[in-house]
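Below is one structure, written out as structure tokens; comments come after it.
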Amino acid sequence: MNPYLTVVAEMTAKPGKENDLREAHAGLLAPTRSEEGCVEYLLHESTDQPGRFVFYENWKSREALDRHLQTPYLQALGARSAELLAEPARILTYTRIG
């Protein structure tokens, strides 16, 4: 069984901001993957709706995720959300049960 905290974060770019959001998200990959407590940090883009993104993440603990949420690079992206996102991000957390 997977003891990790799983996060699914969904975001949709404003029309015309798809490339900007894609680049901003891609810039999170390397630093996040090097964070202590990050097990998996994967970015996906919809095949049917370009500009719709999903992060699939696994963290060793809630504390590791909380530290990630306070990183300067994630905070900087959050400050740009009104510019880049068509709607608020949807962030869900899960624990694996089987």
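The chains in the structure tokens are called A, B, ... from first to last as shown; in each chain the residues are counted from 1, and the ligands are counted from 1 in the order shown.
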Requested in this report: Show which residues sit within 7 Å of Tyr56 of chain A, as an MDAnalysis selection string. Count only C-alpha atoms, and ignore same-chain residues fewer than 3 positions away.
Outcome: chainID A and resid 7:9 41:43
Residues from the last selection, N, CA and C atoms, saved as a compact mmCIF listing (two decimals), in the first residue's frame:
# COMPACT_ATOMS: atom_id res chain seq x y z
N VAL A 7 -1.87 14.26 -4.31
CA VAL A 7 -2.53 15.52 -4.68
C VAL A 7 -2.84 15.48 -6.16
N VAL A 8 -4.05 15.92 -6.50
CA VAL A 8 -4.45 16.13 -7.89
C VAL A 8 -4.85 17.60 -7.98
N ALA A 9 -4.10 18.35 -8.76
CA ALA A 9 -4.36 19.79 -8.91
C ALA A 9 -4.71 20.06 -10.37
N TYR A 41 6.04 14.13 -8.92
CA TYR A 41 5.45 15.42 -9.29
C TYR A 41 5.35 15.44 -10.81
N LEU A 42 4.18 15.12 -11.32
CA LEU A 42 3.99 14.93 -12.75
C LEU A 42 2.97 15.93 -13.29
N LEU A 43 3.28 16.53 -14.41
CA LEU A 43 2.41 17.50 -15.07
C LEU A 43 1.83 16.88 -16.33
From a DSSP pass on the backbone, collect the residues of chain A flagged as strand (DSSP E or B) and hand them back as a PDB file with N, CA and C atoms, in the first residue's frame.
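Result file is out01.pdb:
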ATOM      1  N   LEU A   5       0.719  10.939   0.667  1.00  0.00           N
ATOM      2  CA  LEU A   5      -0.386  11.855   0.428  1.00  0.00           C
ATOM      3  C   LEU A   5      -0.374  12.176  -1.069  1.00  0.00           C
ATOM      4  N   THR A   6      -1.475  11.912  -1.740  1.00  0.00           N
ATOM      5  CA  THR A   6      -1.586  12.161  -3.173  1.00  0.00           C
ATOM      6  C   THR A   6      -2.366  13.453  -3.392  1.00  0.00           C
ATOM      7  N   VAL A   7      -1.874  14.261  -4.311  1.00  0.00           N
ATOM      8  CA  VAL A   7      -2.526  15.518  -4.676  1.00  0.00           C
ATOM      9  C   VAL A   7      -2.844  15.479  -6.163  1.00  0.00           C
ATOM     10  N   VAL A   8      -4.054  15.915  -6.499  1.00  0.00           N
ATOM     11  CA  VAL A   8      -4.446  16.130  -7.887  1.00  0.00           C
ATOM     12  C   VAL A   8      -4.851  17.599  -7.983  1.00  0.00           C
ATOM     13  N   ALA A   9      -4.100  18.353  -8.764  1.00  0.00           N
ATOM     14  CA  ALA A   9      -4.360  19.790  -8.915  1.00  0.00           C
ATOM     15  C   ALA A   9      -4.706  20.063 -10.371  1.00  0.00           C
ATOM     16  N   GLU A  10      -5.863  20.664 -10.592  1.00  0.00           N
ATOM     17  CA  GLU A  10      -6.352  20.938 -11.944  1.00  0.00           C
ATOM     18  C   GLU A  10      -6.422  22.446 -12.167  1.00  0.00           C
ATOM     19  N   MET A  11      -5.929  22.882 -13.328  1.00  0.00           N
ATOM     20  CA  MET A  11      -5.941  24.292 -13.665  1.00  0.00           C
ATOM     21  C   MET A  11      -6.241  24.477 -15.145  1.00  0.00           C
ATOM     22  N   THR A  12      -6.965  25.527 -15.467  1.00  0.00           N
ATOM     23  CA  THR A  12      -7.281  25.852 -16.854  1.00  0.00           C
ATOM     24  C   THR A  12      -6.800  27.264 -17.155  1.00  0.00           C
ATOM     25  N   ALA A  13      -6.053  27.395 -18.223  1.00  0.00           N
ATOM     26  CA  ALA A  13      -5.510  28.700 -18.618  1.00  0.00           C
ATOM     27  C   ALA A  13      -6.605  29.589 -19.201  1.00  0.00           C
ATOM     28  N   CYS A  38       9.165  15.137  -1.562  1.00  0.00           N
ATOM     29  CA  CYS A  38       8.494  14.950  -2.852  1.00  0.00           C
ATOM     30  C   CYS A  38       8.847  13.567  -3.385  1.00  0.00           C
ATOM     31  N   VAL A  39       7.838  12.776  -3.646  1.00  0.00           N
ATOM     32  CA  VAL A  39       8.027  11.431  -4.187  1.00  0.00           C
ATOM     33  C   VAL A  39       7.794  11.433  -5.697  1.00  0.00           C
ATOM     34  N   GLU A  40       6.765  12.157  -6.114  1.00  0.00           N
ATOM     35  CA  GLU A  40       6.377  12.175  -7.519  1.00  0.00           C
ATOM     36  C   GLU A  40       5.680  13.501  -7.800  1.00  0.00           C
ATOM     37  N   TYR A  41       6.040  14.133  -8.917  1.00  0.00           N
ATOM     38  CA  TYR A  41       5.453  15.416  -9.287  1.00  0.00           C
ATOM     39  C   TYR A  41       5.349  15.436 -10.808  1.00  0.00           C
ATOM     40  N   LEU A  42       4.183  15.116 -11.318  1.00  0.00           N
ATOM     41  CA  LEU A  42       3.989  14.934 -12.749  1.00  0.00           C
ATOM     42  C   LEU A  42       2.968  15.930 -13.293  1.00  0.00           C
ATOM     43  N   LEU A  43       3.283  16.530 -14.413  1.00  0.00           N
ATOM     44  CA  LEU A  43       2.411  17.500 -15.066  1.00  0.00           C
ATOM     45  C   LEU A  43       1.828  16.882 -16.328  1.00  0.00           C
ATOM     46  N   HIS A  44       0.521  17.050 -16.506  1.00  0.00           N
ATOM     47  CA  HIS A  44      -0.186  16.544 -17.686  1.00  0.00           C
ATOM     48  C   HIS A  44      -0.995  17.685 -18.298  1.00  0.00           C
ATOM     49  N   GLU A  45      -1.179  17.609 -19.624  1.00  0.00           N
ATOM     50  CA  GLU A  45      -2.062  18.546 -20.316  1.00  0.00           C
ATOM     51  C   GLU A  45      -3.127  17.735 -21.042  1.00  0.00           C
ATOM     52  N   ARG A  52      -5.584  23.008 -20.403  1.00  0.00           N
ATOM     53  CA  ARG A  52      -6.120  22.416 -19.172  1.00  0.00           C
ATOM     54  C   ARG A  52      -5.057  21.453 -18.645  1.00  0.00           C
ATOM     55  N   PHE A  53      -4.588  21.712 -17.421  1.00  0.00           N
ATOM     56  CA  PHE A  53      -3.460  20.992 -16.851  1.00  0.00           C
ATOM     57  C   PHE A  53      -3.855  20.267 -15.570  1.00  0.00           C
ATOM     58  N   VAL A  54      -3.167  19.156 -15.336  1.00  0.00           N
ATOM     59  CA  VAL A  54      -3.342  18.404 -14.102  1.00  0.00           C
ATOM     60  C   VAL A  54      -1.956  18.044 -13.577  1.00  0.00           C
ATOM     61  N   PHE A  55      -1.727  18.363 -12.319  1.00  0.00           N
ATOM     62  CA  PHE A  55      -0.555  17.853 -11.612  1.00  0.00           C
ATOM     63  C   PHE A  55      -0.995  16.627 -10.827  1.00  0.00           C
ATOM     64  N   TYR A  56      -0.212  15.566 -10.914  1.00  0.00           N
ATOM     65  CA  TYR A  56      -0.413  14.379 -10.075  1.00  0.00           C
ATOM     66  C   TYR A  56       0.833  14.297  -9.212  1.00  0.00           C
ATOM     67  N   GLU A  57       0.626  14.346  -7.902  1.00  0.00           N
ATOM     68  CA  GLU A  57       1.747  14.443  -6.970  1.00  0.00           C
ATOM     69  C   GLU A  57       1.613  13.412  -5.863  1.00  0.00           C
ATOM     70  N   ASN A  58       2.756  12.950  -5.368  1.00  0.00           N
ATOM     71  CA  ASN A  58       2.799  12.140  -4.160  1.00  0.00           C
ATOM     72  C   ASN A  58       3.845  12.738  -3.228  1.00  0.00           C
ATOM     73  N   TRP A  59       3.448  12.898  -1.977  1.00  0.00           N
ATOM     74  CA  TRP A  59       4.278  13.498  -0.936  1.00  0.00           C
ATOM     75  C   TRP A  59       4.398  12.527   0.230  1.00  0.00           C
ATOM     76  N   LEU A  85      -5.085  32.098 -14.949  1.00  0.00           N
ATOM     77  CA  LEU A  85      -6.113  31.074 -14.801  1.00  0.00           C
ATOM     78  C   LEU A  85      -7.504  31.568 -15.178  1.00  0.00           C
ATOM     79  N   ARG A  90      -8.355  23.798  -8.843  1.00  0.00           N
ATOM     80  CA  ARG A  90      -9.057  22.785  -8.036  1.00  0.00           C
ATOM     81  C   ARG A  90      -7.980  21.840  -7.518  1.00  0.00           C
ATOM     82  N   ILE A  91      -7.829  21.788  -6.192  1.00  0.00           N
ATOM     83  CA  ILE A  91      -6.786  20.971  -5.590  1.00  0.00           C
ATOM     84  C   ILE A  91      -7.429  19.983  -4.620  1.00  0.00           C
ATOM     85  N   LEU A  92      -7.194  18.692  -4.911  1.00  0.00           N
ATOM     86  CA  LEU A  92      -7.782  17.618  -4.120  1.00  0.00           C
ATOM     87  C   LEU A  92      -6.661  16.773  -3.540  1.00  0.00           C
ATOM     88  N   THR A  93      -6.857  16.273  -2.316  1.00  0.00           N
ATOM     89  CA  THR A  93      -5.883  15.373  -1.713  1.00  0.00           C
ATOM     90  C   THR A  93      -6.521  14.027  -1.445  1.00  0.00           C
ATOM     91  N   TYR A  94      -5.708  12.988  -1.527  1.00  0.00           N
ATOM     92  CA  TYR A  94      -6.181  11.622  -1.368  1.00  0.00           C
ATOM     93  C   TYR A  94      -5.170  10.792  -0.593  1.00  0.00           C
ATOM     94  N   THR A  95      -5.666   9.737   0.025  1.00  0.00           N
ATOM     95  CA  THR A  95      -4.808   8.679   0.528  1.00  0.00           C
ATOM     96  C   THR A  95      -5.244   7.393  -0.139  1.00  0.00           C
TER      97      THR A  95
END
Report task. Work out how far atom CA of Ala79 of chain A is from atom CA of Arg33 of chain A, in Å to one decimal. Result -> 21.2 Å
Requested in this report: Return the single residue from A:Glu18, A:Asp66, A:Glu23, A:Glu83 that is closest to Gln49 of chain A, with distances computed using only C-alpha atoms.
Outcome: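 Looking at the shortest contact to Gln49 of chain A, the residue is A:Glu18.
Here atom CA of Arg80 of chain A is placed at a distance of 11.8 Å from atom CA of Lys14 of chain A.
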Based on the backbone DSSP call, show me all residues of chain A assigned alpha helix (DSSP H), as a tab-separated table (two decimals) with N, CA and C atoms, in the first residue's frame.
chain	number	residue	atom	x	y	z
A	18	GLU	N	-2.38	29.98	-22.59
A	18	GLU	CA	-2.02	28.57	-22.51
A	18	GLU	C	-0.51	28.36	-22.46
A	19	ASN	N	0.23	29.00	-23.36
A	19	ASN	CA	1.68	28.83	-23.37
A	19	ASN	C	2.32	29.41	-22.12
A	20	ASP	N	1.83	30.54	-21.65
A	20	ASP	CA	2.38	31.14	-20.43
A	20	ASP	C	2.20	30.22	-19.23
A	21	LEU	N	1.02	29.64	-19.11
A	21	LEU	CA	0.77	28.74	-17.98
A	21	LEU	C	1.58	27.45	-18.13
A	22	ARG	N	1.67	26.93	-19.35
A	22	ARG	CA	2.48	25.72	-19.59
A	22	ARG	C	3.92	25.97	-19.17
A	23	GLU	N	4.49	27.11	-19.57
A	23	GLU	CA	5.88	27.43	-19.22
A	23	GLU	C	6.04	27.64	-17.72
A	24	ALA	N	5.07	28.30	-17.10
A	24	ALA	CA	5.15	28.52	-15.65
A	24	ALA	C	5.10	27.19	-14.90
A	25	HIS	N	4.23	26.31	-15.34
A	25	HIS	CA	4.14	24.99	-14.71
A	25	HIS	C	5.41	24.19	-14.92
A	26	ALA	N	5.94	24.21	-16.14
A	26	ALA	CA	7.16	23.46	-16.43
A	26	ALA	C	8.32	23.95	-15.55
A	27	GLY	N	8.30	25.23	-15.22
A	27	GLY	CA	9.34	25.79	-14.35
A	27	GLY	C	9.28	25.29	-12.91
A	28	LEU	N	8.16	24.71	-12.52
A	28	LEU	CA	8.02	24.17	-11.17
A	28	LEU	C	8.59	22.76	-11.05
A	29	LEU	N	8.74	22.05	-12.15
A	29	LEU	CA	9.07	20.63	-12.10
A	29	LEU	C	10.40	20.34	-11.41
A	30	ALA	N	11.48	20.90	-11.89
A	30	ALA	CA	12.80	20.57	-11.32
A	30	ALA	C	12.92	20.98	-9.85
A	31	PRO	N	12.57	22.21	-9.49
A	31	PRO	CA	12.74	22.55	-8.07
A	31	PRO	C	11.84	21.75	-7.15
A	32	THR	N	10.63	21.47	-7.59
A	32	THR	CA	9.72	20.70	-6.74
A	32	THR	C	10.21	19.28	-6.57
A	33	ARG	N	10.66	18.68	-7.65
A	33	ARG	CA	11.14	17.30	-7.57
A	33	ARG	C	12.36	17.16	-6.66
A	62	ARG	N	1.87	15.25	4.92
A	62	ARG	CA	1.16	16.52	4.83
A	62	ARG	C	2.14	17.67	5.09
A	63	GLU	N	3.07	17.45	6.03
A	63	GLU	CA	4.06	18.49	6.34
A	63	GLU	C	4.93	18.80	5.13
A	64	ALA	N	5.32	17.77	4.37
A	64	ALA	CA	6.13	18.00	3.17
A	64	ALA	C	5.33	18.81	2.15
A	65	LEU	N	4.06	18.49	1.99
A	65	LEU	CA	3.21	19.26	1.08
A	65	LEU	C	3.07	20.70	1.57
A	66	ASP	N	2.86	20.88	2.85
A	66	ASP	CA	2.72	22.23	3.40
A	66	ASP	C	3.99	23.05	3.15
A	67	ARG	N	5.16	22.44	3.29
A	67	ARG	CA	6.42	23.15	3.00
A	67	ARG	C	6.47	23.54	1.52
A	68	HIS	N	6.04	22.63	0.65
A	68	HIS	CA	6.01	22.91	-0.79
A	68	HIS	C	5.12	24.11	-1.09
A	69	LEU	N	3.98	24.17	-0.45
A	69	LEU	CA	3.03	25.26	-0.71
A	69	LEU	C	3.59	26.62	-0.30
A	72	PRO	N	9.02	29.80	-2.47
A	72	PRO	CA	8.94	31.06	-3.23
A	72	PRO	C	8.44	30.87	-4.67
A	73	TYR	N	8.85	29.82	-5.33
A	73	TYR	CA	8.43	29.62	-6.73
A	73	TYR	C	6.95	29.29	-6.84
A	74	LEU	N	6.40	28.56	-5.88
A	74	LEU	CA	4.96	28.29	-5.92
A	74	LEU	C	4.16	29.53	-5.52
A	75	GLN	N	4.67	30.27	-4.55
A	75	GLN	CA	4.02	31.51	-4.16
A	75	GLN	C	4.02	32.51	-5.32
A	76	ALA	N	5.11	32.58	-6.06
A	76	ALA	CA	5.19	33.49	-7.22
A	76	ALA	C	4.17	33.11	-8.28
A	77	LEU	N	4.00	31.82	-8.53
A	77	LEU	CA	2.99	31.39	-9.49
A	77	LEU	C	1.60	31.72	-8.98
A	78	GLY	N	1.37	31.51	-7.71
A	78	GLY	CA	0.07	31.85	-7.13
A	78	GLY	C	-0.27	33.33	-7.30
A	79	ALA	N	0.73	34.17	-7.21
A	79	ALA	CA	0.52	35.61	-7.38
A	79	ALA	C	0.10	35.95	-8.81
A	81	SER	N	-1.96	33.99	-10.58
A	81	SER	CA	-3.14	33.19	-10.91
A	81	SER	C	-4.23	34.01	-11.60
A	82	ALA	N	-4.47	35.23	-11.18
A	82	ALA	CA	-5.51	36.04	-11.81
A	82	ALA	C	-5.17	36.33	-13.27
A	83	GLU	N	-3.89	36.46	-13.55
A	83	GLU	CA	-3.43	36.72	-14.92
A	83	GLU	C	-3.54	35.48	-15.81
A	84	LEU	N	-3.28	34.29	-15.24
A	84	LEU	CA	-3.13	33.08	-16.04
A	84	LEU	C	-4.32	32.14	-16.04
Requested in this report: Kindly give the distance, in Å, that separates atom CA of Tyr4 of chain A and atom CA of Glu35 of chain A, rounded to a single decimal.
Outcome: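 Taking atom CA of Tyr4 of chain A as the start and atom CA of Glu35 of chain A as the end point, the length is 14.9 Å.
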